[in-house]
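So this block is entry_25.cif, mmCIF, C-alpha atoms and all ligand atoms:
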```cif
data_structure
#
loop_
_atom_site.label_atom_id
_atom_site.label_comp_id
_atom_site.auth_asym_id
_atom_site.auth_seq_id
_atom_site.Cartn_x
_atom_site.Cartn_y
_atom_site.Cartn_z
CA MET A 1 79.73 121.07 108.98
CA LYS A 2 77.53 120.62 112.04
CA GLN A 3 78.51 117.48 113.91
CA SER A 4 74.88 116.68 114.73
CA LEU A 5 74.37 116.06 111.00
CA LEU A 6 77.59 114.18 110.36
CA PHE A 7 77.40 110.39 110.34
CA VAL A 8 80.27 109.34 112.62
CA PRO A 9 79.41 105.98 114.16
CA THR A 10 82.19 105.88 116.76
CA LEU A 11 82.58 102.63 118.70
CA LYS A 12 83.65 101.92 122.28
CA ASP A 13 85.53 98.79 121.29
CA ALA A 14 87.33 97.87 118.13
CA PRO A 15 86.12 94.82 116.16
CA LYS A 16 87.67 91.55 117.36
CA ASP A 17 89.58 90.88 114.15
CA ALA A 18 91.30 94.28 114.17
CA GLU A 19 94.93 93.41 114.90
CA VAL A 20 96.82 96.63 114.18
CA LYS A 21 96.46 100.06 115.77
CA SER A 22 95.30 101.82 112.59
CA HIS A 23 92.58 99.25 111.93
CA LYS A 24 91.34 99.49 115.52
CA ILE A 25 91.23 103.24 115.65
CA MET A 26 89.77 103.67 112.17
CA SER A 27 86.90 101.40 113.14
CA ARG A 28 86.43 103.12 116.50
CA ALA A 29 86.63 106.63 115.01
CA GLY A 30 83.87 105.85 112.53
CA LEU A 31 86.08 106.18 109.45
CA ILE A 32 85.39 102.78 107.90
CA LYS A 33 82.93 99.93 108.32
CA GLN A 34 83.60 96.37 107.32
CA VAL A 35 81.09 94.73 104.93
CA ALA A 36 82.89 91.41 104.32
CA ALA A 37 86.49 90.20 104.51
CA GLY A 38 88.62 92.81 102.75
CA ILE A 39 85.59 94.89 101.74
CA TYR A 40 84.81 98.19 103.44
CA THR A 41 82.49 101.16 103.36
CA TYR A 42 84.30 104.48 103.62
CA LEU A 43 82.16 106.41 106.08
CA PRO A 44 81.91 110.22 105.71
CA LEU A 45 84.99 111.09 107.79
CA GLY A 46 87.14 108.42 106.14
CA TYR A 47 85.92 109.42 102.71
CA ARG A 48 86.83 113.06 103.33
CA VAL A 49 90.41 111.94 103.95
CA ILE A 50 90.36 109.74 100.83
CA ARG A 51 89.20 112.74 98.79
CA ASN A 52 91.99 114.88 100.24
CA ILE A 53 94.58 112.26 99.29
CA GLU A 54 93.07 112.13 95.81
CA LYS A 55 93.26 115.91 95.54
CA ILE A 56 96.96 115.87 96.39
CA ILE A 57 97.58 113.14 93.80
CA ARG A 58 95.68 115.07 91.12
CA GLU A 59 97.62 118.26 91.87
CA GLU A 60 101.03 116.60 91.73
CA LEU A 61 100.30 114.51 88.61
CA ASP A 62 98.64 117.34 86.73
CA LYS A 63 101.78 119.36 87.51
CA ILE A 64 104.03 116.90 85.67
CA GLY A 65 101.65 116.86 82.70
CA ALA A 66 99.67 113.64 83.21
CA SER A 67 96.02 113.49 82.02
CA GLU A 68 93.31 111.92 84.12
CA MET A 69 90.85 109.47 82.57
CA LEU A 70 88.62 106.69 83.86
CA MET A 71 88.65 103.12 82.59
CA PRO A 72 86.07 100.43 83.31
CA ALA A 73 86.36 98.09 86.27
CA LEU A 74 84.51 95.43 84.26
CA GLN A 75 86.88 94.04 81.65
CA PRO A 76 86.34 91.47 78.87
CA SER A 77 88.56 88.37 78.92
CA ASN A 78 89.67 88.75 75.30
CA LEU A 79 92.05 91.61 76.16
CA TRP A 80 93.53 89.55 78.98
CA GLU A 81 93.92 86.64 76.58
CA GLU A 82 95.86 88.91 74.23
CA SER A 83 98.35 89.79 76.96
CA GLY A 84 98.48 86.20 78.19
CA ARG A 85 97.35 87.13 81.70
CA TRP A 86 93.92 85.44 81.57
CA GLU A 87 95.85 82.18 82.05
CA GLN A 88 98.69 83.52 84.21
CA TYR A 89 96.87 85.58 86.80
CA GLY A 90 95.46 82.81 88.96
CA PRO A 91 92.81 82.96 91.68
CA GLU A 92 93.49 86.58 92.66
CA LEU A 93 91.62 87.65 89.50
CA MET A 94 87.89 88.10 90.17
CA ARG A 95 86.30 86.36 87.19
CA LEU A 96 82.65 86.45 86.21
CA LYS A 97 80.35 85.73 83.27
CA ASP A 98 77.73 87.87 81.58
CA ARG A 99 74.24 86.62 80.59
CA LYS A 100 75.62 85.30 77.29
CA ASP A 101 78.21 83.26 79.13
CA ARG A 102 81.10 85.48 78.04
CA ASP A 103 84.03 85.81 80.43
CA PHE A 104 84.86 89.02 82.24
CA CYS A 105 86.97 90.07 85.19
CA LEU A 106 86.89 92.91 87.68
CA GLY A 107 90.12 94.80 87.02
CA PRO A 108 92.96 94.23 89.49
CA THR A 109 95.06 96.61 87.32
CA HIS A 110 94.61 98.20 83.88
CA GLU A 111 97.58 97.55 81.57
CA GLU A 112 95.38 95.72 79.06
CA ILE A 113 92.63 98.32 78.98
CA VAL A 114 94.97 101.31 78.73
CA THR A 115 96.93 99.65 75.92
CA GLN A 116 93.66 98.99 74.09
CA SER A 117 92.72 102.67 74.59
CA VAL A 118 95.81 104.04 72.87
CA ARG A 119 96.93 101.44 70.33
CA ASP A 120 94.62 102.49 67.49
CA TYR A 121 95.45 106.15 67.95
CA VAL A 122 99.22 106.08 68.25
CA ASN A 123 100.61 105.30 64.81
CA SER A 124 103.61 107.63 64.82
CA TYR A 125 106.30 108.89 67.21
CA LYS A 126 104.67 112.31 66.74
CA LYS A 127 101.82 111.21 68.99
CA LEU A 128 104.13 110.26 71.85
CA PRO A 129 104.62 110.61 74.75
CA LEU A 130 101.24 109.86 76.32
CA VAL A 131 100.92 110.09 80.10
CA LEU A 132 97.61 108.86 81.50
CA TYR A 133 96.24 108.13 84.93
CA GLN A 134 93.05 107.21 86.70
CA ILE A 135 91.74 106.88 90.23
CA GLN A 136 89.70 103.74 90.46
CA THR A 137 88.44 100.84 92.49
CA LYS A 138 90.49 97.68 92.02
CA PHE A 139 89.50 94.11 92.78
CA ARG A 140 91.83 91.36 93.91
CA ASP A 141 90.74 88.18 95.60
CA GLU A 142 93.66 88.31 98.03
CA MET A 143 94.52 85.10 99.83
CA ARG A 144 94.81 86.92 103.16
CA PRO A 145 92.84 90.16 103.24
CA ARG A 146 93.76 91.83 106.52
CA PHE A 147 94.65 94.89 108.54
CA GLY A 148 91.58 96.77 107.33
CA LEU A 149 92.35 98.81 104.24
CA MET A 150 95.95 97.63 104.18
CA ARG A 151 95.14 94.52 102.16
CA GLY A 152 91.61 94.73 100.82
CA ARG A 153 89.86 92.70 98.16
CA GLU A 154 88.32 95.91 96.86
CA PHE A 155 90.50 99.01 97.21
CA ILE A 156 91.16 102.41 95.68
CA MET A 157 94.26 102.86 93.57
CA LYS A 158 95.73 105.55 91.40
CA ASP A 159 97.32 103.91 88.40
CA ALA A 160 99.24 105.76 85.71
CA TYR A 161 100.75 104.63 82.43
CA THR A 162 103.36 106.22 80.18
CA PHE A 163 103.82 105.50 76.48
CA THR A 164 107.10 106.70 74.99
CA GLU A 165 109.11 106.19 71.82
CA SER A 166 112.39 105.39 73.60
CA TYR A 167 113.86 104.01 76.81
CA GLU A 168 115.50 107.42 77.38
CA ASP A 169 112.04 109.01 77.47
CA LEU A 170 110.80 106.25 79.76
CA ASP A 171 113.65 107.08 82.16
CA ILE A 172 112.65 110.76 82.12
CA TRP A 173 109.03 109.95 83.02
CA TYR A 174 110.06 107.37 85.58
CA LYS A 175 112.07 110.07 87.32
CA LYS A 176 109.18 112.57 87.12
CA PHE A 177 106.85 110.05 88.72
CA THR A 178 109.42 109.20 91.39
CA ASP A 179 109.69 112.87 92.34
CA ALA A 180 105.91 113.36 92.25
CA TYR A 181 105.42 110.31 94.50
CA ILE A 182 107.87 111.63 97.07
CA LYS A 183 105.89 114.88 97.22
CA ILE A 184 102.51 113.14 97.33
CA PHE A 185 103.52 110.95 100.26
CA GLN A 186 105.16 113.84 102.11
CA ARG A 187 101.94 115.84 101.78
CA CYS A 188 100.08 112.82 103.21
CA GLY A 189 102.41 112.95 106.23
CA LEU A 190 104.49 109.96 105.17
CA ASP A 191 108.23 109.57 104.84
CA THR A 192 108.92 106.91 102.24
CA LYS A 193 111.96 104.86 101.43
CA ILE A 194 112.41 103.91 97.78
CA VAL A 195 113.44 100.29 97.44
CA SER A 196 114.15 98.29 94.32
CA SER A 197 111.72 95.44 93.90
CA ASP A 198 110.74 92.37 91.93
CA VAL A 199 108.83 92.98 88.73
CA GLY A 200 106.52 90.06 89.64
CA GLN A 201 103.13 89.52 88.03
CA ILE A 202 103.14 92.76 86.01
CA GLY A 203 106.41 91.97 84.23
CA GLY A 204 109.00 94.37 82.81
CA ASP A 205 112.56 95.49 83.34
CA GLU A 206 112.94 97.50 86.53
CA ALA A 207 110.72 98.39 89.46
CA ASP A 208 110.81 100.41 92.65
CA GLU A 209 108.54 100.39 95.67
CA PHE A 210 107.69 103.27 98.00
CA MET A 211 107.79 101.99 101.54
CA VAL A 212 106.62 103.48 104.81
CA MET A 213 108.77 102.03 107.55
CA SER A 214 106.45 100.41 110.06
CA GLU A 215 106.38 97.40 112.34
CA VAL A 216 103.03 96.35 110.87
CA GLY A 217 104.33 96.33 107.29
CA GLU A 218 104.10 93.05 105.41
CA ASP A 219 107.26 93.65 103.38
CA THR A 220 110.79 93.09 104.59
CA ILE A 221 113.30 95.68 103.46
CA THR A 222 117.03 95.23 103.42
CA TYR A 223 118.94 98.49 103.56
CA CYS A 224 122.49 99.65 104.02
CA ARG A 225 123.53 101.42 107.20
CA SER A 226 126.12 103.45 105.28
CA CYS A 227 124.72 104.32 101.84
CA SER A 228 121.26 104.76 100.27
CA TYR A 229 121.01 101.15 99.05
CA ALA A 230 117.60 99.59 99.81
CA ALA A 231 115.83 96.59 98.30
CA ASN A 232 112.89 94.38 99.03
CA GLN A 233 114.24 91.21 100.64
CA GLU A 234 112.26 89.16 98.09
CA HIS A 235 114.43 90.83 95.46
CA SER A 236 117.81 91.03 97.20
CA GLY A 237 117.90 87.88 99.34
CA LEU A 238 120.22 89.69 101.75
CA GLU A 239 120.29 89.02 105.50
CA VAL A 240 121.16 91.18 108.53
CA GLY A 241 124.93 91.75 108.69
CA ASP A 242 125.58 90.94 105.02
CA ALA A 243 127.81 93.28 103.05
CA CYS A 244 126.05 95.99 101.04
CA PRO A 245 126.35 95.17 97.32
CA GLU A 246 126.99 98.84 96.60
CA CYS A 247 129.42 100.07 99.24
CA GLY A 248 130.37 97.05 101.36
CA GLY A 249 128.65 98.59 104.43
CA THR A 250 126.46 96.57 106.80
CA ILE A 251 122.94 95.47 105.80
CA ALA A 252 120.07 95.95 108.26
CA ILE A 253 116.44 94.82 108.01
CA ALA A 254 113.16 96.60 108.69
CA LYS A 255 109.45 96.12 107.99
CA GLY A 256 107.66 98.36 105.52
CA ILE A 257 104.20 99.11 104.14
CA GLU A 258 104.26 99.32 100.35
CA VAL A 259 102.22 102.38 99.41
CA GLY A 260 103.39 102.74 95.81
CA ASN A 261 105.04 100.66 93.12
CA ILE A 262 106.44 101.87 89.81
CA PHE A 263 107.58 99.74 86.87
CA LYS A 264 109.51 100.16 83.67
CA LEU A 265 107.34 97.79 81.69
CA GLY A 266 109.17 98.09 78.40
CA THR A 267 107.31 96.33 75.58
CA LYS A 268 105.62 93.42 77.38
CA TYR A 269 102.09 94.70 76.69
CA SER A 270 102.72 96.65 73.51
CA GLU A 271 104.27 93.58 71.85
CA SER A 272 101.64 91.09 72.93
CA MET A 273 98.79 93.50 72.18
CA ASN A 274 100.18 94.99 68.98
CA ALA A 275 100.60 98.58 70.08
CA ASN A 276 103.14 99.69 67.49
CA PHE A 277 104.18 103.01 66.01
CA VAL A 278 106.37 104.34 63.22
CA THR A 279 109.68 105.66 64.56
CA LYS A 280 111.60 108.76 63.42
CA GLU A 281 113.65 106.41 61.24
CA GLY A 282 110.50 105.15 59.55
CA THR A 283 110.54 101.64 61.07
CA GLN A 284 107.77 99.90 63.05
CA ALA A 285 108.37 99.42 66.79
CA PRO A 286 106.35 98.54 69.88
CA ILE A 287 105.61 101.49 72.21
CA ILE A 288 107.71 101.59 75.39
CA MET A 289 105.53 101.55 78.50
CA GLY A 290 105.82 102.39 82.17
CA CYS A 291 103.22 101.93 84.90
CA TYR A 292 102.88 103.66 88.25
CA GLY A 293 100.59 102.40 91.02
CA LEU A 294 99.70 104.15 94.26
CA GLY A 295 97.41 102.58 96.86
CA ILE A 296 95.10 105.35 98.03
CA SER A 297 93.18 103.39 100.66
CA ARG A 298 96.43 101.81 101.88
CA THR A 299 98.01 105.28 102.09
CA LEU A 300 95.13 106.39 104.32
CA MET A 301 95.73 103.36 106.55
CA ALA A 302 99.51 103.91 106.64
CA SER A 303 99.01 107.55 107.56
CA VAL A 304 96.72 106.62 110.46
CA GLU A 305 99.22 103.98 111.58
CA GLN A 306 101.95 106.67 111.71
CA HIS A 307 99.84 109.45 113.21
CA SER A 308 97.75 107.82 115.91
CA LYS A 309 97.90 106.59 119.47
CA ASP A 310 95.54 104.06 121.02
CA ASP A 311 92.78 106.62 121.67
CA SER A 312 93.54 109.48 119.34
CA ILE A 313 94.49 110.47 115.82
CA LEU A 314 96.44 113.57 114.83
CA TRP A 315 95.91 114.03 111.10
CA PRO A 316 98.61 115.58 108.95
CA LYS A 317 97.23 119.00 107.94
CA GLU A 318 96.68 118.39 104.26
CA ILE A 319 94.62 115.23 104.55
CA ALA A 320 92.70 116.04 107.74
CA PRO A 321 88.93 115.65 107.35
CA PHE A 322 88.51 119.18 108.78
CA ASP A 323 90.89 122.05 109.56
CA VAL A 324 89.30 123.23 112.78
CA HIS A 325 87.07 121.62 115.42
CA ILE A 326 84.89 123.93 117.52
CA ILE A 327 83.62 122.47 120.76
CA PRO A 328 81.19 124.45 122.90
CA ILE A 329 81.25 123.09 126.45
CA ASN A 330 77.52 123.68 126.85
CA ILE A 331 75.53 124.16 123.66
CA LYS A 332 72.43 125.14 125.64
CA ASP A 333 74.17 128.24 126.98
CA ASP A 334 73.13 131.14 124.71
CA ILE A 335 76.47 132.95 124.77
CA GLN A 336 78.48 129.77 124.13
CA ARG A 337 76.17 128.67 121.33
CA GLU A 338 76.17 132.03 119.60
CA THR A 339 79.91 132.55 120.01
CA SER A 340 80.55 129.09 118.53
CA LEU A 341 78.26 129.78 115.60
CA LYS A 342 79.90 133.12 114.94
CA ILE A 343 83.41 131.59 114.88
CA TYR A 344 82.07 128.76 112.74
CA THR A 345 80.58 131.13 110.13
CA ASP A 346 83.62 133.35 110.21
CA LEU A 347 86.20 130.62 109.67
CA SER A 348 84.03 128.86 107.07
CA SER A 349 83.74 132.05 105.05
CA LYS A 350 87.54 132.32 105.09
CA GLY A 351 87.74 128.94 103.38
CA TYR A 352 88.49 126.68 106.35
CA GLU A 353 86.75 123.33 106.67
CA VAL A 354 85.19 123.62 110.11
CA LEU A 355 83.47 121.04 112.25
CA LEU A 356 81.18 122.37 114.98
CA ASP A 357 80.19 119.98 117.75
CA ASP A 358 76.63 121.21 118.21
CA ARG A 359 75.45 118.03 119.94
CA GLU A 360 73.88 118.02 123.37
CA GLU A 361 76.51 115.73 124.85
CA ARG A 362 78.62 115.93 128.00
CA ALA A 363 81.85 117.85 127.42
CA GLY A 364 83.88 114.77 128.40
CA SER A 365 82.35 112.60 125.74
CA LYS A 366 82.70 115.35 123.14
CA PHE A 367 86.43 115.54 123.90
CA LYS A 368 86.79 111.77 123.64
CA ASP A 369 85.15 111.82 120.22
CA ALA A 370 87.23 114.82 119.20
CA ASP A 371 90.44 112.94 120.05
CA LEU A 372 89.29 110.10 117.81
CA ILE A 373 88.25 112.43 114.99
CA GLY A 374 91.75 113.82 115.22
CA ILE A 375 91.69 117.42 114.01
CA GLN A 376 94.79 119.43 114.83
CA TYR A 377 93.21 122.77 115.79
CA ARG A 378 90.57 122.79 118.47
CA ILE A 379 88.60 125.76 119.74
CA ILE A 380 86.87 125.27 123.06
CA VAL A 381 84.08 127.70 123.79
CA GLY A 382 83.29 127.80 127.52
CA LYS A 383 82.45 130.24 130.28
CA ASP A 384 85.06 132.78 129.06
CA ALA A 385 82.95 133.33 125.94
CA LYS A 386 81.15 136.11 127.83
CA ASP A 387 84.48 138.02 127.85
CA ALA A 388 85.07 137.22 124.15
CA LYS A 389 87.69 134.62 125.05
CA ILE A 390 88.11 130.98 124.01
CA GLU A 391 90.57 128.18 124.59
CA PHE A 392 92.75 127.36 121.63
CA VAL A 393 94.50 123.99 121.34
CA ASP A 394 97.09 123.08 118.72
CA ARG A 395 97.15 119.31 119.27
CA SER A 396 100.58 119.00 117.68
CA LYS A 397 101.92 120.86 120.72
CA GLU A 398 101.56 120.57 124.47
CA GLY A 399 98.99 122.59 126.43
CA LYS A 400 96.32 125.11 125.51
CA GLU A 401 95.97 128.88 125.49
CA VAL A 402 93.16 131.22 126.45
CA ILE A 403 92.95 133.80 123.68
CA GLU A 404 90.78 136.72 122.59
CA ILE A 405 88.47 135.72 119.77
CA GLU A 406 89.62 138.61 117.64
CA ASN A 407 93.18 137.21 117.69
CA LEU A 408 92.14 133.78 116.44
CA ALA A 409 93.33 134.34 112.87
CA LYS A 410 96.93 134.55 114.10
CA TYR A 411 96.75 131.07 115.59
CA ILE A 412 95.38 129.05 112.69
P1 LIG A 501 101.44 93.81 97.47
O1 LIG A 501 102.85 93.29 97.30
O2 LIG A 501 101.24 94.54 98.76
O3 LIG A 501 100.41 92.77 97.20
P2 LIG A 501 101.35 94.64 94.78
O4 LIG A 501 102.77 94.57 94.36
O5 LIG A 501 100.43 93.54 94.43
O6 LIG A 501 101.27 94.92 96.34
P3 LIG A 501 100.65 96.67 92.83
O7 LIG A 501 99.99 95.73 91.93
O8 LIG A 501 101.93 97.24 92.41
O9 LIG A 501 100.76 96.04 94.30
O10 LIG A 501 99.63 97.83 93.21
C1 LIG A 501 99.99 99.19 93.41
C2 LIG A 501 99.67 99.66 94.81
O11 LIG A 501 98.34 99.32 95.17
C3 LIG A 501 100.51 99.00 95.89
O12 LIG A 501 101.74 99.66 96.01
C4 LIG A 501 99.64 99.18 97.11
O13 LIG A 501 99.83 100.46 97.66
C5 LIG A 501 98.25 99.07 96.56
N1 LIG A 501 97.68 97.74 96.79
C6 LIG A 501 98.00 96.58 96.19
N2 LIG A 501 97.25 95.56 96.65
C7 LIG A 501 96.42 96.11 97.57
C8 LIG A 501 95.38 95.57 98.39
N3 LIG A 501 95.06 94.29 98.34
N4 LIG A 501 94.73 96.42 99.23
C9 LIG A 501 95.05 97.74 99.27
N5 LIG A 501 96.01 98.29 98.53
C10 LIG A 501 96.69 97.50 97.68
MG MG A 502 99.69 91.93 95.50
#
```
Could you render the structure as structure tokens?
Ligand code: ATP
Ligand code: MG
Amino acid sequence: MKQSLLFVPTLKDAPKDAEVKSHKIMSRAGLIKQVAAGIYTYLPLGYRVIRNIEKIIREELDKIGASEMLMPALQPSNLWEESGRWEQYGPELMRLKDRKDRDFCLGPTHEEIVTQSVRDYVNSYKKLPLVLYQIQTKFRDEMRPRFGLMRGREFIMKDAYTFTESYEDLDIWYKKFTDAYIKIFQRCGLDTKIVSSDVGQIGGDEADEFMVMSEVGEDTITYCRSCSYAANQEHSGLEVGDACPECGGTIAIAKGIEVGNIFKLGTKYSESMNANFVTKEGTQAPIIMGCYGLGISRTLMASVEQHSKDDSILWPKEIAPFDVHIIPINIKDDIQRETSLKIYTDLSSKGYEVLLDDREERAGSKFKDADLIGIQYRIIVGKDAKDAKIEFVDRSKEGKEVIEIENLAKYI
């Protein structure tokens, strides 16, 4: 992609309400633009990262055998009345009416809709398990939307649902999703801690959250200094210095960003919404459900929070908006321009996503923008281009190297 054609509205100063580093730099780097409180446009660079995160999710979930579908955001109230949540949900649910005065909501989550999708079809254990997911925009009228994409009122989520005939099968899928989540977050450059959590609004029997340890996290995690015990403080009620309920070790406390949340729902929705099947024994039973949420826009934000400084981002490889950034020092110089174009065409044809800064800007301001854009590999084409040499920078390391163009392949 030629940078002169890419819409990257970088800013000198972050918006006044941006409190955390990731929100500041994402606004300044031209990744997102606020429309209203908790509502954002994903600008081209930010959306490229979102799509990369989505690609990773699709790969890992398709690998475990989940099928992707897409449910509506606009949902009729009658399904929510069946589950009992039309009453329970409260002001976070975005409610609206159609022209005939019928009630609808904009989906904050999709248990009702997914249950409606499968209940007429699944009549026997022979049709189970079913493992479904979607990537979709969710709506929640959060009391305190803040920190950019961290807590939005409209945000992108991957939500998955399992339907099984037994709790043993639910456990198997719960474990598969746990393992897939660990991989997904690792590929997004995030180390996560799995903490047991409250089942809360969604209901069910057991739940775990995937937390990225970070000072700006809104959740408080209690964890053991000696064993792997970790729980959301809301769930455990433990304080610093308490004894670990599992090994007696010492409890410590840290802040975390919740990027994923998985639940063993059991039969809460299948019972209330009549999703039953005939078991191997020939009896009627409600289908056992699990649900698995992953905040895509929040994952983007958490990754920036972990991989940025005040004036620069360094994207983890797999989610970076581009693989390589080519910066000619002087685009008006024929040799520099042609050398840059040649490297650009060459790398692009090899399958790399390449960004070429073909703008007529001062080198200094190009470098400033490049630091914000945050691509790991940078190729600087300057005076040495006449001797078929360029400067190569791997931003994950110190320094830069002058190399022969023909050796470039070895470096990337
Ligand atoms: P929180 O406790 O942060 O409000 P939640 O328990 O309401 O989260 P879930 O309903 O389990 O979240 O949603 C699944 C995932 O969606 C969360 O783990 C999080 O990554 C993401 N998510 C939830 N609410 C928001 C929001 N307002 N903005 C962005 N992402 C969100
Ligand atoms: Mg919430």
Collect all residues with atoms no farther than 10 Å from ligand MG 502 (chain A), counting all atoms listed in the file, and output them as a ChimeraX atom specification.
-> /A:92,108,140-143,151,200-201,258
Nearby polymer residues, ligand LIG 501 (chain A), at most 6 Å, all atoms listed in the file, as a VMD selection string | chain A and resid 149 to 153 155 157 258 to 261 293 to 295 298
Residue contacts of range 370-387 of chain A (9 Å, only C-alpha atoms) excluding same-chain residues fewer than 5 positions away, as an mmCIF file with C-alpha atoms, keeping the file's coordinate frame:
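Output below, filename part35.cif:
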```cif
data_model
loop_
_atom_site.group_PDB
_atom_site.id
_atom_site.type_symbol
_atom_site.label_atom_id
_atom_site.label_comp_id
_atom_site.auth_asym_id
_atom_site.auth_seq_id
_atom_site.Cartn_x
_atom_site.Cartn_y
_atom_site.Cartn_z
ATOM 1 C CA VAL A 8 80.270 109.340 112.620
ATOM 2 C CA THR A 10 82.190 105.880 116.760
ATOM 3 C CA ILE A 25 91.230 103.240 115.650
ATOM 4 C CA MET A 26 89.770 103.670 112.170
ATOM 5 C CA ARG A 28 86.430 103.120 116.500
ATOM 6 C CA ALA A 29 86.630 106.630 115.010
ATOM 7 C CA GLY A 30 83.870 105.850 112.530
ATOM 8 C CA LEU A 31 86.080 106.180 109.450
ATOM 9 C CA LEU A 45 84.990 111.090 107.790
ATOM 10 C CA SER A 308 97.750 107.820 115.910
ATOM 11 C CA ASP A 311 92.780 106.620 121.670
ATOM 12 C CA SER A 312 93.540 109.480 119.340
ATOM 13 C CA ILE A 313 94.490 110.470 115.820
ATOM 14 C CA LEU A 314 96.440 113.570 114.830
ATOM 15 C CA TRP A 315 95.910 114.030 111.100
ATOM 16 C CA PRO A 316 98.610 115.580 108.950
ATOM 17 C CA LYS A 317 97.230 119.000 107.940
ATOM 18 C CA ALA A 320 92.700 116.040 107.740
ATOM 19 C CA PRO A 321 88.930 115.650 107.350
ATOM 20 C CA PHE A 322 88.510 119.180 108.780
ATOM 21 C CA ASP A 323 90.890 122.050 109.560
ATOM 22 C CA VAL A 324 89.300 123.230 112.780
ATOM 23 C CA HIS A 325 87.070 121.620 115.420
ATOM 24 C CA ILE A 326 84.890 123.930 117.520
ATOM 25 C CA ILE A 327 83.620 122.470 120.760
ATOM 26 C CA PRO A 328 81.190 124.450 122.900
ATOM 27 C CA ILE A 329 81.250 123.090 126.450
ATOM 28 C CA ASN A 330 77.520 123.680 126.850
ATOM 29 C CA ILE A 335 76.470 132.950 124.770
ATOM 30 C CA GLN A 336 78.480 129.770 124.130
ATOM 31 C CA ARG A 337 76.170 128.670 121.330
ATOM 32 C CA THR A 339 79.910 132.550 120.010
ATOM 33 C CA SER A 340 80.550 129.090 118.530
ATOM 34 C CA ASP A 357 80.190 119.980 117.750
ATOM 35 C CA SER A 365 82.350 112.600 125.740
ATOM 36 C CA PHE A 392 92.750 127.360 121.630
ATOM 37 C CA VAL A 393 94.500 123.990 121.340
ATOM 38 C CA ASP A 394 97.090 123.080 118.720
ATOM 39 C CA ARG A 395 97.150 119.310 119.270
ATOM 40 C CA SER A 396 100.580 119.000 117.680
ATOM 41 C CA VAL A 402 93.160 131.220 126.450
ATOM 42 C CA GLU A 404 90.780 136.720 122.590
ATOM 43 C CA ILE A 405 88.470 135.720 119.770
ATOM 44 C CA ILE A 412 95.380 129.050 112.690
#
```
At a cut-off of 9 Å from (112.0, 98.7, 86.7) in the coordinates of the file, what residues are picked up using only C-alpha atoms, written as a PDB file with C-alpha atoms, in the coordinates of the input?
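The resulting file, part13.pdb, is shown below:
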```
ATOM      1  CA  TYR A 174     110.060 107.370  85.580  1.00  0.00           C
ATOM      2  CA  SER A 196     114.150  98.290  94.320  1.00  0.00           C
ATOM      3  CA  SER A 197     111.720  95.440  93.900  1.00  0.00           C
ATOM      4  CA  ASP A 198     110.740  92.370  91.930  1.00  0.00           C
ATOM      5  CA  VAL A 199     108.830  92.980  88.730  1.00  0.00           C
ATOM      6  CA  GLY A 204     109.000  94.370  82.810  1.00  0.00           C
ATOM      7  CA  ASP A 205     112.560  95.490  83.340  1.00  0.00           C
ATOM      8  CA  GLU A 206     112.940  97.500  86.530  1.00  0.00           C
ATOM      9  CA  ALA A 207     110.720  98.390  89.460  1.00  0.00           C
ATOM     10  CA  ASP A 208     110.810 100.410  92.650  1.00  0.00           C
ATOM     11  CA  ILE A 262     106.440 101.870  89.810  1.00  0.00           C
ATOM     12  CA  PHE A 263     107.580  99.740  86.870  1.00  0.00           C
ATOM     13  CA  LYS A 264     109.510 100.160  83.670  1.00  0.00           C
ATOM     14  CA  LEU A 265     107.340  97.790  81.690  1.00  0.00           C
ATOM     15  CA  GLY A 266     109.170  98.090  78.400  1.00  0.00           C
ATOM     16  CA  GLY A 290     105.820 102.390  82.170  1.00  0.00           C
TER      17      GLY A 290
END
```
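What separates CA of Leu70 in chain A from CA of Ile113 in chain A is a distance of 10.5 Å.
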List the spatial neighbours of Lys176 in chain A as a CSV table (one decimal) with C-alpha atoms, keeping the file's coordinate frame - criterion: any atom at most 12 Å away, only C-alpha atoms, same-chain residues fewer than 3 positions off excluded.
```
chain,number,residue,atom,x,y,z
A,60,GLU,CA,101.0,116.6,91.7
A,61,LEU,CA,100.3,114.5,88.6
A,62,ASP,CA,98.6,117.3,86.7
A,63,LYS,CA,101.8,119.4,87.5
A,64,ILE,CA,104.0,116.9,85.7
A,65,GLY,CA,101.6,116.9,82.7
A,66,ALA,CA,99.7,113.6,83.2
A,131,VAL,CA,100.9,110.1,80.1
A,162,THR,CA,103.4,106.2,80.2
A,169,ASP,CA,112.0,109.0,77.5
A,170,LEU,CA,110.8,106.2,79.8
A,171,ASP,CA,113.6,107.1,82.2
A,172,ILE,CA,112.6,110.8,82.1
A,173,TRP,CA,109.0,110.0,83.0
A,179,ASP,CA,109.7,112.9,92.3
A,180,ALA,CA,105.9,113.4,92.2
A,181,TYR,CA,105.4,110.3,94.5
A,182,ILE,CA,107.9,111.6,97.1
A,183,LYS,CA,105.9,114.9,97.2
A,262,ILE,CA,106.4,101.9,89.8
A,290,GLY,CA,105.8,102.4,82.2
A,292,TYR,CA,102.9,103.7,88.2
```
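Between CA of Tyr161 in chain A and CA of Ser272 in chain A there is a distance of 16.6 Å.
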By how many Å are CA of Ser166 in chain A and CA of Tyr133 in chain A apart?
-> 19.9 Å
With a distance cut-off of 7 Å and all atoms listed in the file, select the neighbouring residues of Glu82 in chain A, excluding the residue or stretch itself and same-chain residues fewer than 2 positions from it, and output the selection as a PyMOL selection string.
-> chain A and resi 78-80+84+272-273
Extract, using all atoms listed in the file, all DNA, RNA and protein residues at most 10 Å from Gln233 in chain A, discarding same-chain residues fewer than 4 positions from it, and format them as a ChimeraX atom specification.
-> /A:195-198,219-223,237-239,253-254
